[in-house]
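Student: Okay, handing you the structure first.
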Amino acid sequence: MMISQLFILSSKGDHLIYKDYRGEAGSDVVNIFYEKVTALTGDQPPVVMSHKDLHFVHIRQGGLYWVATTTADSSPFTITEFLNRLSALVKDYCGSLSEKAVQMNFALIHELLDEVLDYGYIQTTSSDILKNFIQTEAVSSRPFSLFDLSNVGLFGAETQQSKVAPSSAATRPIQSSRDQGGKSEIFVDVIERMSVVIGSNGVLMKADIEGEIRVKCYMPSCSEIRIGLNEEFSVGKSQLRGYGAAVRVDECSFHQTVQLDEFDSHRILRLCPSQGEQTVMQYQLSDDLPSAPPFRLFPTIERDSAGRLLMYLKLRCDLPPKSTAINVSASIPVPKGSVSLSQELSSPDQSADLKLQSRAVVWQIPRCSGGTQLSALFKLEVPGLSSASMLEVGPVGLSFELPKLTATGLQIRFLRLSPIHPSTSQRWVRYVTHSDSYVIRI
């Protein structure tokens with residue numbers, strides 16, 4: 001499989017990185033690609049596009065276009081997988097994926113590309129191999145400091161409830177571990193995405209959860225780590241385990257480096273992680289939620305005497321009292337022709353706007369604690385408002401983030417290094433649940 005050219009573009013089409021490996025096409029193909037991808041309608045342009053005898057294969061990561069061109073009869077699946085691995089590699093070496101990070105690490109990324117591809121042929125995307133050849137140091141837009149981890153304790157190897165590191169804690173280059181006096185660190189993220197549909201009568205119609213365990217390693221040398229999951233963790237319809245509340249998923253899969261000889265008996269994952277980030281386990285739960293949905297909405301839609309559309313919304317957060325949802329956003333579709341919005345919100349930190357282009361009212365809530373109820377009254381000026389146009393209201397789409405919480409109840413029971421490292425080694429864990437699609441019908 002041969003790659004002719006590889007380039008990275010910003011969302012506005014700015015040329016960030018360009019490498020021509022075979023001289024089979026001119027540099028104008030960059031502009032040709034951007035014209036083709038922006039001329040298409042819809043949010044998901046095709047991964048593979050063609051121009052004469054040249055084929056474009058691209059992905060979007062970090063708000064950037066990662067594009068490879070080829071004139072050969074190459075597998076688009078292989079090139080797509082390569083681009084995904086390349087973007088992960090750049091993230092490992094630069095600390096984050098953004099237009100600014102790519103611009104600041106222009107020399108480092110070119111050095112990576114020189115090692116990863118030779119005359120268009122893929123050599124390796126392994127950070128363990130590349131660390132012996134990459135000499136350029138990453139430039140970080142925000143230097144990492146352990147002082148950023150204030151009020152965050154060390155992850156206890158034997159504790160059930162681990163401490164949680166902030167989301168920015170692991171966004172630093174893997175090369176930075178070279179300059180930290182032999183200090184080794186492991187970051188473990190348990191990330192879940194929730195898809196929910198709630199009917200207008202309040203009945204839960206759909207509930208799916210997709211989750212993964214990610215490990216980001218800053219270990220200067222390879223060490224085996226052992227990750228212990230809940231003893232009550234069960235897969236499929238198998239017999240429930242342990243004595244606590246059941247933690248069940250329908251199916252799960254593991255990274256090829258994970259040793260599973262202790263998984264069936266003790267729910268322990270063993271692996272020797274390479275430097276950088278990798279997903280060690282993925283799991284899925286369909287048509288089931290172990291607990292109540294995190295949000296319920298109680299809407300009242302009517303027309304006042306002045307002919308305005310009134311929407312009175314009560315949003316109840318059904319999380320445990322000590323849990324909090326952040327970055328909550330409710331998008332409420334409204335009738336065509338809506339021209340203005342007035343509002344009454346239950347707290348001053350909330351905000352709401354009428355988005356005329358998307359024809360929706362967007363209600364922003366920075367923070368919402370478990371067991372609380374928020375309310376909003378929206379008054380919309382809609383010329384010629386009729387009973388038929390009032391039916392255009394809804395359904396409501398919610399987006400949110402639940403830190404320190406997993407919807408399935410999956411927990412890291414312990415995290416051990418073998419052989420045991422000195423006290424300078426640190427281990428961090430983070431739990432977070434995101435809304436993938438959370439729809440409430442009105």
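Letters for chains follow the order of the structure tokens (A, B, ...), residue numbers begin at 1 for each chain, and ligand numbers begin at 1 in the order shown.
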For Pro293 (chain A), find every residue with an atom within 10 Å (counting only C-alpha atoms), except residues of its own chain fewer than 6 positions away, and show them as a list in words.
Tutor: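 Using only C-alpha atoms, the neighbours found are Met194, Val196, Val197, Ile198, Leu204, Ala207, Cys317, Asp318, Leu319, Ala407 and Tyr438 of chain A.
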Student: Which of region 338-420 of chain A end up as strand (DSSP E) when DSSP is run on this backbone - answer as a PDB file with N, CA, C and O atoms, in the first residue's frame?
Tutor:
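And here's out23.pdb as it stands now:
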ATOM      1  N   SER A 340     -38.265  36.506  18.104  1.00  0.00           N
ATOM      2  CA  SER A 340     -37.615  37.037  19.298  1.00  0.00           C
ATOM      3  C   SER A 340     -37.956  36.175  20.499  1.00  0.00           C
ATOM      4  O   SER A 340     -38.929  35.411  20.494  1.00  0.00           O
ATOM      5  N   LEU A 341     -37.130  36.332  21.562  1.00  0.00           N
ATOM      6  CA  LEU A 341     -37.271  35.501  22.758  1.00  0.00           C
ATOM      7  C   LEU A 341     -37.086  36.361  23.992  1.00  0.00           C
ATOM      8  O   LEU A 341     -36.155  37.157  24.081  1.00  0.00           O
ATOM      9  N   SER A 342     -37.992  36.196  24.954  1.00  0.00           N
ATOM     10  CA  SER A 342     -37.787  36.724  26.302  1.00  0.00           C
ATOM     11  C   SER A 342     -37.824  35.541  27.263  1.00  0.00           C
ATOM     12  O   SER A 342     -38.437  34.514  26.978  1.00  0.00           O
ATOM     13  N   GLN A 343     -37.154  35.686  28.413  1.00  0.00           N
ATOM     14  CA  GLN A 343     -36.943  34.515  29.262  1.00  0.00           C
ATOM     15  C   GLN A 343     -36.948  34.877  30.729  1.00  0.00           C
ATOM     16  O   GLN A 343     -36.626  36.000  31.115  1.00  0.00           O
ATOM     17  N   GLU A 344     -37.318  33.896  31.536  1.00  0.00           N
ATOM     18  CA  GLU A 344     -37.206  33.979  32.993  1.00  0.00           C
ATOM     19  C   GLU A 344     -36.575  32.668  33.450  1.00  0.00           C
ATOM     20  O   GLU A 344     -37.180  31.600  33.301  1.00  0.00           O
ATOM     21  N   LEU A 345     -35.364  32.762  34.003  1.00  0.00           N
ATOM     22  CA  LEU A 345     -34.609  31.578  34.396  1.00  0.00           C
ATOM     23  C   LEU A 345     -34.500  31.504  35.907  1.00  0.00           C
ATOM     24  O   LEU A 345     -34.516  32.524  36.599  1.00  0.00           O
ATOM     25  N   SER A 351     -28.323  30.682  31.010  1.00  0.00           N
ATOM     26  CA  SER A 351     -28.537  31.584  29.875  1.00  0.00           C
ATOM     27  C   SER A 351     -29.350  30.862  28.815  1.00  0.00           C
ATOM     28  O   SER A 351     -29.425  29.630  28.813  1.00  0.00           O
ATOM     29  N   ALA A 352     -29.936  31.636  27.916  1.00  0.00           N
ATOM     30  CA  ALA A 352     -30.724  31.053  26.823  1.00  0.00           C
ATOM     31  C   ALA A 352     -30.671  31.981  25.625  1.00  0.00           C
ATOM     32  O   ALA A 352     -30.625  33.216  25.772  1.00  0.00           O
ATOM     33  N   ASP A 353     -30.666  31.380  24.442  1.00  0.00           N
ATOM     34  CA  ASP A 353     -30.630  32.149  23.200  1.00  0.00           C
ATOM     35  C   ASP A 353     -31.538  31.482  22.179  1.00  0.00           C
ATOM     36  O   ASP A 353     -31.710  30.261  22.178  1.00  0.00           O
ATOM     37  N   LEU A 354     -32.071  32.315  21.297  1.00  0.00           N
ATOM     38  CA  LEU A 354     -32.841  31.823  20.154  1.00  0.00           C
ATOM     39  C   LEU A 354     -31.898  31.731  18.964  1.00  0.00           C
ATOM     40  O   LEU A 354     -31.373  32.751  18.503  1.00  0.00           O
ATOM     41  N   LYS A 355     -31.654  30.526  18.478  1.00  0.00           N
ATOM     42  CA  LYS A 355     -30.797  30.306  17.316  1.00  0.00           C
ATOM     43  C   LYS A 355     -31.683  30.238  16.079  1.00  0.00           C
ATOM     44  O   LYS A 355     -32.344  29.217  15.829  1.00  0.00           O
ATOM     45  N   ALA A 360     -34.096  26.917  17.031  1.00  0.00           N
ATOM     46  CA  ALA A 360     -34.174  26.277  18.340  1.00  0.00           C
ATOM     47  C   ALA A 360     -33.791  27.268  19.433  1.00  0.00           C
ATOM     48  O   ALA A 360     -33.005  28.191  19.215  1.00  0.00           O
ATOM     49  N   VAL A 361     -34.384  27.075  20.599  1.00  0.00           N
ATOM     50  CA  VAL A 361     -33.970  27.784  21.809  1.00  0.00           C
ATOM     51  C   VAL A 361     -32.964  26.898  22.540  1.00  0.00           C
ATOM     52  O   VAL A 361     -33.229  25.716  22.793  1.00  0.00           O
ATOM     53  N   VAL A 362     -31.804  27.462  22.855  1.00  0.00           N
ATOM     54  CA  VAL A 362     -30.753  26.711  23.537  1.00  0.00           C
ATOM     55  C   VAL A 362     -30.622  27.242  24.958  1.00  0.00           C
ATOM     56  O   VAL A 362     -30.289  28.423  25.165  1.00  0.00           O
ATOM     57  N   TRP A 363     -30.892  26.376  25.925  1.00  0.00           N
ATOM     58  CA  TRP A 363     -30.859  26.711  27.357  1.00  0.00           C
ATOM     59  C   TRP A 363     -29.576  26.132  27.929  1.00  0.00           C
ATOM     60  O   TRP A 363     -29.381  24.914  27.943  1.00  0.00           O
ATOM     61  N   GLN A 364     -28.681  27.005  28.412  1.00  0.00           N
ATOM     62  CA  GLN A 364     -27.371  26.589  28.923  1.00  0.00           C
ATOM     63  C   GLN A 364     -27.375  26.622  30.443  1.00  0.00           C
ATOM     64  O   GLN A 364     -27.750  27.632  31.053  1.00  0.00           O
ATOM     65  N   ILE A 365     -26.918  25.499  31.036  1.00  0.00           N
ATOM     66  CA  ILE A 365     -26.842  25.377  32.501  1.00  0.00           C
ATOM     67  C   ILE A 365     -25.430  24.906  32.843  1.00  0.00           C
ATOM     68  O   ILE A 365     -25.068  23.764  32.543  1.00  0.00           O
ATOM     69  N   PRO A 366     -24.602  25.764  33.436  1.00  0.00           N
ATOM     70  CA  PRO A 366     -23.220  25.359  33.695  1.00  0.00           C
ATOM     71  C   PRO A 366     -23.096  24.185  34.667  1.00  0.00           C
ATOM     72  O   PRO A 366     -22.215  23.336  34.511  1.00  0.00           O
ATOM     73  N   ARG A 367     -23.994  24.126  35.657  1.00  0.00           N
ATOM     74  CA  ARG A 367     -23.843  23.120  36.709  1.00  0.00           C
ATOM     75  C   ARG A 367     -25.205  22.770  37.274  1.00  0.00           C
ATOM     76  O   ARG A 367     -26.045  23.645  37.479  1.00  0.00           O
ATOM     77  N   CYS A 368     -25.422  21.500  37.564  1.00  0.00           N
ATOM     78  CA  CYS A 368     -26.707  21.053  38.107  1.00  0.00           C
ATOM     79  C   CYS A 368     -26.460  19.905  39.078  1.00  0.00           C
ATOM     80  O   CYS A 368     -25.947  18.854  38.684  1.00  0.00           O
ATOM     81  N   SER A 369     -26.789  20.098  40.335  1.00  0.00           N
ATOM     82  CA  SER A 369     -26.539  19.082  41.363  1.00  0.00           C
ATOM     83  C   SER A 369     -27.668  18.067  41.409  1.00  0.00           C
ATOM     84  O   SER A 369     -28.821  18.362  41.060  1.00  0.00           O
ATOM     85  N   GLN A 373     -34.022  20.851  41.054  1.00  0.00           N
ATOM     86  CA  GLN A 373     -34.928  21.095  39.925  1.00  0.00           C
ATOM     87  C   GLN A 373     -34.752  22.526  39.451  1.00  0.00           C
ATOM     88  O   GLN A 373     -34.752  23.462  40.254  1.00  0.00           O
ATOM     89  N   LEU A 374     -34.575  22.694  38.158  1.00  0.00           N
ATOM     90  CA  LEU A 374     -34.417  24.009  37.554  1.00  0.00           C
ATOM     91  C   LEU A 374     -35.626  24.301  36.681  1.00  0.00           C
ATOM     92  O   LEU A 374     -36.289  23.385  36.185  1.00  0.00           O
ATOM     93  N   SER A 375     -35.885  25.570  36.471  1.00  0.00           N
ATOM     94  CA  SER A 375     -37.048  25.935  35.662  1.00  0.00           C
ATOM     95  C   SER A 375     -36.717  27.108  34.751  1.00  0.00           C
ATOM     96  O   SER A 375     -35.798  27.890  35.019  1.00  0.00           O
ATOM     97  N   ALA A 376     -37.472  27.203  33.681  1.00  0.00           N
ATOM     98  CA  ALA A 376     -37.300  28.299  32.725  1.00  0.00           C
ATOM     99  C   ALA A 376     -38.629  28.591  32.062  1.00  0.00           C
ATOM    100  O   ALA A 376     -39.390  27.669  31.734  1.00  0.00           O
ATOM    101  N   LEU A 377     -38.906  29.876  31.882  1.00  0.00           N
ATOM    102  CA  LEU A 377     -40.096  30.310  31.156  1.00  0.00           C
ATOM    103  C   LEU A 377     -39.626  31.072  29.918  1.00  0.00           C
ATOM    104  O   LEU A 377     -38.932  32.087  30.018  1.00  0.00           O
ATOM    105  N   PHE A 378     -39.986  30.568  28.734  1.00  0.00           N
ATOM    106  CA  PHE A 378     -39.603  31.195  27.473  1.00  0.00           C
ATOM    107  C   PHE A 378     -40.854  31.757  26.798  1.00  0.00           C
ATOM    108  O   PHE A 378     -41.877  31.051  26.677  1.00  0.00           O
ATOM    109  N   LYS A 379     -40.761  33.001  26.360  1.00  0.00           N
ATOM    110  CA  LYS A 379     -41.858  33.657  25.647  1.00  0.00           C
ATOM    111  C   LYS A 379     -41.364  33.996  24.246  1.00  0.00           C
ATOM    112  O   LYS A 379     -40.426  34.797  24.091  1.00  0.00           O
ATOM    113  N   LEU A 380     -41.982  33.397  23.253  1.00  0.00           N
ATOM    114  CA  LEU A 380     -41.535  33.529  21.867  1.00  0.00           C
ATOM    115  C   LEU A 380     -42.543  34.327  21.043  1.00  0.00           C
ATOM    116  O   LEU A 380     -43.755  34.079  21.118  1.00  0.00           O
ATOM    117  N   GLU A 381     -42.028  35.292  20.286  1.00  0.00           N
ATOM    118  CA  GLU A 381     -42.859  36.014  19.327  1.00  0.00           C
ATOM    119  C   GLU A 381     -42.852  35.233  18.015  1.00  0.00           C
ATOM    120  O   GLU A 381     -41.817  35.095  17.363  1.00  0.00           O
ATOM    121  N   VAL A 396     -36.925  17.684  22.740  1.00  0.00           N
ATOM    122  CA  VAL A 396     -35.820  18.370  23.395  1.00  0.00           C
ATOM    123  C   VAL A 396     -34.582  17.462  23.383  1.00  0.00           C
ATOM    124  O   VAL A 396     -34.669  16.278  23.721  1.00  0.00           O
ATOM    125  N   GLY A 397     -33.451  18.025  22.979  1.00  0.00           N
ATOM    126  CA  GLY A 397     -32.193  17.292  23.011  1.00  0.00           C
ATOM    127  C   GLY A 397     -31.298  17.822  24.116  1.00  0.00           C
ATOM    128  O   GLY A 397     -31.047  19.029  24.191  1.00  0.00           O
ATOM    129  N   LEU A 398     -30.843  16.946  24.988  1.00  0.00           N
ATOM    130  CA  LEU A 398     -29.974  17.342  26.099  1.00  0.00           C
ATOM    131  C   LEU A 398     -28.555  16.875  25.837  1.00  0.00           C
ATOM    132  O   LEU A 398     -28.334  15.765  25.333  1.00  0.00           O
ATOM    133  N   SER A 399     -27.595  17.716  26.189  1.00  0.00           N
ATOM    134  CA  SER A 399     -26.194  17.295  26.218  1.00  0.00           C
ATOM    135  C   SER A 399     -25.635  17.668  27.586  1.00  0.00           C
ATOM    136  O   SER A 399     -25.986  18.713  28.142  1.00  0.00           O
ATOM    137  N   PHE A 400     -24.757  16.817  28.112  1.00  0.00           N
ATOM    138  CA  PHE A 400     -24.238  17.043  29.458  1.00  0.00           C
ATOM    139  C   PHE A 400     -23.026  16.155  29.693  1.00  0.00           C
ATOM    140  O   PHE A 400     -22.705  15.265  28.890  1.00  0.00           O
ATOM    141  N   GLU A 401     -22.371  16.400  30.802  1.00  0.00           N
ATOM    142  CA  GLU A 401     -21.228  15.588  31.229  1.00  0.00           C
ATOM    143  C   GLU A 401     -21.392  15.291  32.711  1.00  0.00           C
ATOM    144  O   GLU A 401     -21.720  16.183  33.499  1.00  0.00           O
ATOM    145  N   LEU A 402     -21.188  14.027  33.081  1.00  0.00           N
ATOM    146  CA  LEU A 402     -21.310  13.600  34.473  1.00  0.00           C
ATOM    147  C   LEU A 402     -19.940  13.156  34.973  1.00  0.00           C
ATOM    148  O   LEU A 402     -19.534  12.008  34.761  1.00  0.00           O
ATOM    149  N   PRO A 403     -19.187  14.038  35.628  1.00  0.00           N
ATOM    150  CA  PRO A 403     -17.872  13.636  36.131  1.00  0.00           C
ATOM    151  C   PRO A 403     -18.000  12.751  37.367  1.00  0.00           C
ATOM    152  O   PRO A 403     -19.001  12.802  38.096  1.00  0.00           O
ATOM    153  N   ILE A 412     -13.017   0.942  39.040  1.00  0.00           N
ATOM    154  CA  ILE A 412     -11.679   0.360  39.133  1.00  0.00           C
ATOM    155  C   ILE A 412     -11.445   0.000  40.598  1.00  0.00           C
ATOM    156  O   ILE A 412     -11.370   0.883  41.457  1.00  0.00           O
ATOM    157  N   ARG A 413     -11.348  -1.299  40.874  1.00  0.00           N
ATOM    158  CA  ARG A 413     -11.173  -1.761  42.251  1.00  0.00           C
ATOM    159  C   ARG A 413      -9.764  -1.518  42.759  1.00  0.00           C
ATOM    160  O   ARG A 413      -9.553  -1.128  43.903  1.00  0.00           O
ATOM    161  N   PHE A 414      -8.774  -1.759  41.905  1.00  0.00           N
ATOM    162  CA  PHE A 414      -7.392  -1.453  42.252  1.00  0.00           C
ATOM    163  C   PHE A 414      -6.576  -1.310  40.977  1.00  0.00           C
ATOM    164  O   PHE A 414      -6.989  -1.755  39.900  1.00  0.00           O
ATOM    165  N   LEU A 415      -5.433  -0.688  41.127  1.00  0.00           N
ATOM    166  CA  LEU A 415      -4.497  -0.498  40.021  1.00  0.00           C
ATOM    167  C   LEU A 415      -3.093  -0.737  40.571  1.00  0.00           C
ATOM    168  O   LEU A 415      -2.610   0.023  41.409  1.00  0.00           O
ATOM    169  N   ARG A 416      -2.434  -1.801  40.113  1.00  0.00           N
ATOM    170  CA  ARG A 416      -1.141  -2.187  40.664  1.00  0.00           C
ATOM    171  C   ARG A 416      -0.096  -2.245  39.563  1.00  0.00           C
ATOM    172  O   ARG A 416      -0.399  -2.633  38.428  1.00  0.00           O
ATOM    173  N   LEU A 417       1.113  -1.876  39.930  1.00  0.00           N
ATOM    174  CA  LEU A 417       2.246  -1.974  39.032  1.00  0.00           C
ATOM    175  C   LEU A 417       3.115  -3.149  39.447  1.00  0.00           C
ATOM    176  O   LEU A 417       3.303  -3.399  40.630  1.00  0.00           O
ATOM    177  N   SER A 418       3.635  -3.857  38.459  1.00  0.00           N
ATOM    178  CA  SER A 418       4.520  -4.983  38.742  1.00  0.00           C
ATOM    179  C   SER A 418       5.683  -4.951  37.751  1.00  0.00           C
ATOM    180  O   SER A 418       5.469  -4.973  36.532  1.00  0.00           O
TER     181      SER A 418
END
Student: DSSP on the backbone, helix (DSSP H, G or I) only: what residues of region 5-107 of chain A does that give? Format it as a VMD selection string.
Tutor: chain A and resid 29 to 39 76 to 94 99 to 104 106 to 107
Student: Any chance you could export the current selection's N, CA, C and O atoms as a short mmCIF file (atom, residue, chain, number, x, y, z; two decimals), in the first residue's frame?
Tutor:
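result.cif was written with the following content:
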data_model
loop_
_atom_site.label_atom_id
_atom_site.label_comp_id
_atom_site.auth_asym_id
_atom_site.auth_seq_id
_atom_site.Cartn_x
_atom_site.Cartn_y
_atom_site.Cartn_z
N VAL A 29 -3.57 19.83 -4.99
CA VAL A 29 -4.57 18.84 -4.55
C VAL A 29 -5.12 19.20 -3.18
O VAL A 29 -6.24 18.80 -2.83
N VAL A 30 -4.36 19.96 -2.39
CA VAL A 30 -4.85 20.38 -1.07
C VAL A 30 -6.09 21.25 -1.24
O VAL A 30 -7.11 21.05 -0.57
N ASN A 31 -6.00 22.23 -2.14
CA ASN A 31 -7.15 23.10 -2.38
C ASN A 31 -8.30 22.33 -3.04
O ASN A 31 -9.48 22.59 -2.76
N ILE A 32 -7.95 21.39 -3.92
CA ILE A 32 -8.99 20.58 -4.57
C ILE A 32 -9.76 19.78 -3.54
O ILE A 32 -10.99 19.70 -3.57
N PHE A 33 -9.03 19.17 -2.58
CA PHE A 33 -9.71 18.39 -1.54
C PHE A 33 -10.65 19.28 -0.73
O PHE A 33 -11.82 18.91 -0.49
N TYR A 34 -10.16 20.45 -0.29
CA TYR A 34 -10.99 21.30 0.58
C TYR A 34 -12.22 21.80 -0.16
O TYR A 34 -13.32 21.89 0.42
N GLU A 35 -12.07 22.12 -1.44
CA GLU A 35 -13.24 22.54 -2.23
C GLU A 35 -14.27 21.43 -2.34
O GLU A 35 -15.47 21.66 -2.25
N LYS A 36 -13.78 20.19 -2.50
CA LYS A 36 -14.71 19.07 -2.64
C LYS A 36 -15.41 18.77 -1.32
O LYS A 36 -16.62 18.50 -1.28
N VAL A 37 -14.67 18.82 -0.20
CA VAL A 37 -15.25 18.43 1.08
C VAL A 37 -16.21 19.49 1.60
O VAL A 37 -17.18 19.18 2.29
N THR A 38 -15.96 20.77 1.27
CA THR A 38 -16.87 21.83 1.72
C THR A 38 -18.05 22.02 0.79
O THR A 38 -19.06 22.61 1.19
N ALA A 39 -17.97 21.52 -0.41
CA ALA A 39 -19.09 21.64 -1.36
C ALA A 39 -20.19 20.64 -1.07
O ALA A 39 -21.32 20.80 -1.55
N PRO A 76 -8.95 1.44 1.34
CA PRO A 76 -9.31 2.64 2.11
C PRO A 76 -9.42 2.36 3.60
O PRO A 76 -9.18 3.25 4.41
N PHE A 77 -9.77 1.12 3.97
CA PHE A 77 -9.86 0.77 5.39
C PHE A 77 -8.49 0.83 6.05
O PHE A 77 -8.34 1.30 7.17
N THR A 78 -7.46 0.36 5.33
CA THR A 78 -6.11 0.40 5.88
C THR A 78 -5.63 1.83 6.04
O THR A 78 -5.03 2.19 7.07
N ILE A 79 -5.89 2.68 5.04
CA ILE A 79 -5.46 4.07 5.13
C ILE A 79 -6.22 4.80 6.24
O ILE A 79 -5.65 5.61 6.99
N THR A 80 -7.52 4.51 6.38
CA THR A 80 -8.30 5.13 7.45
C THR A 80 -7.76 4.73 8.81
O THR A 80 -7.62 5.57 9.72
N GLU A 81 -7.44 3.46 8.99
CA GLU A 81 -6.86 3.00 10.25
C GLU A 81 -5.51 3.67 10.51
O GLU A 81 -5.20 4.07 11.64
N PHE A 82 -4.71 3.82 9.45
CA PHE A 82 -3.42 4.49 9.60
C PHE A 82 -3.61 5.94 10.03
O PHE A 82 -2.89 6.44 10.92
N LEU A 83 -4.55 6.66 9.43
CA LEU A 83 -4.79 8.05 9.79
C LEU A 83 -5.26 8.17 11.24
O LEU A 83 -4.87 9.11 11.95
N ASN A 84 -6.10 7.24 11.68
CA ASN A 84 -6.53 7.25 13.09
C ASN A 84 -5.35 7.03 14.03
O ASN A 84 -5.23 7.69 15.07
N ARG A 85 -4.47 6.09 13.66
CA ARG A 85 -3.30 5.84 14.50
C ARG A 85 -2.34 7.02 14.47
O ARG A 85 -1.72 7.34 15.49
N LEU A 86 -2.21 7.65 13.31
CA LEU A 86 -1.33 8.80 13.21
C LEU A 86 -1.83 9.95 14.08
O LEU A 86 -1.04 10.61 14.78
N SER A 87 -3.14 10.22 14.06
CA SER A 87 -3.69 11.29 14.88
C SER A 87 -3.51 10.99 16.37
O SER A 87 -3.20 11.89 17.16
N ALA A 88 -3.66 9.70 16.75
CA ALA A 88 -3.42 9.32 18.15
C ALA A 88 -1.96 9.50 18.51
O ALA A 88 -1.62 9.92 19.63
N LEU A 89 -1.06 9.20 17.57
CA LEU A 89 0.37 9.34 17.81
C LEU A 89 0.74 10.81 17.99
O LEU A 89 1.51 11.17 18.90
N VAL A 90 0.19 11.67 17.13
CA VAL A 90 0.45 13.11 17.27
C VAL A 90 -0.09 13.63 18.60
O VAL A 90 0.55 14.45 19.27
N LYS A 91 -1.24 13.14 19.01
CA LYS A 91 -1.79 13.54 20.30
C LYS A 91 -0.88 13.12 21.43
O LYS A 91 -0.66 13.86 22.39
N ASP A 92 -0.33 11.89 21.35
CA ASP A 92 0.58 11.41 22.39
C ASP A 92 1.82 12.29 22.48
O ASP A 92 2.29 12.62 23.57
N TYR A 93 2.37 12.65 21.33
CA TYR A 93 3.63 13.40 21.33
C TYR A 93 3.44 14.89 21.59
O TYR A 93 4.33 15.53 22.14
N CYS A 94 2.28 15.45 21.19
CA CYS A 94 2.05 16.88 21.38
C CYS A 94 1.24 17.18 22.64
O CYS A 94 1.20 18.33 23.07
N GLU A 99 -5.53 22.88 16.38
CA GLU A 99 -4.80 23.63 15.37
C GLU A 99 -3.56 24.30 15.97
O GLU A 99 -2.47 24.28 15.38
N LYS A 100 -3.71 24.84 17.18
CA LYS A 100 -2.58 25.50 17.84
C LYS A 100 -1.47 24.51 18.16
O LYS A 100 -0.28 24.80 17.97
N ALA A 101 -1.84 23.30 18.65
CA ALA A 101 -0.83 22.31 19.00
C ALA A 101 -0.04 21.87 17.77
O ALA A 101 1.18 21.68 17.83
N VAL A 102 -0.73 21.71 16.63
CA VAL A 102 -0.05 21.31 15.39
C VAL A 102 0.89 22.42 14.92
O VAL A 102 2.03 22.16 14.51
N GLN A 103 0.43 23.67 14.98
CA GLN A 103 1.27 24.79 14.55
C GLN A 103 2.52 24.91 15.42
O GLN A 103 3.62 25.16 14.91
N MET A 104 2.36 24.74 16.72
CA MET A 104 3.50 24.89 17.64
C MET A 104 4.48 23.74 17.54
O MET A 104 5.65 23.88 17.92
N PHE A 106 5.23 21.95 14.65
CA PHE A 106 5.42 21.71 13.23
C PHE A 106 6.64 20.81 12.99
O PHE A 106 6.57 19.81 12.25
N ALA A 107 7.78 21.11 13.61
CA ALA A 107 9.01 20.34 13.40
C ALA A 107 8.88 18.92 13.93
O ALA A 107 9.33 17.95 13.30
#
Student: Tell me, in Å to one decimal, how far CA of Pro46 (chain A) is from CA of Ala68 (chain A).
Tutor: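 These atoms are spaced 13.8 Å apart.
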Student: Write out as a VMD selection string each polymer residue whose atoms come within 10 Å of Ser10 (chain A), counting only C-alpha atoms; drop sequence neighbours fewer than 5 positions from it.
Tutor: chain A and resid 15 to 17 34 60 62 to 66 98 to 100 102
Student: Which neighbours of Gln282 (chain A) fall inside 6 Å, counting only C-alpha atoms, when residues of the same chain fewer than 4 positions from it are skipped, and could you give them as a PyMOL selection string?
Tutor: chain A and resi 211-212+252-253
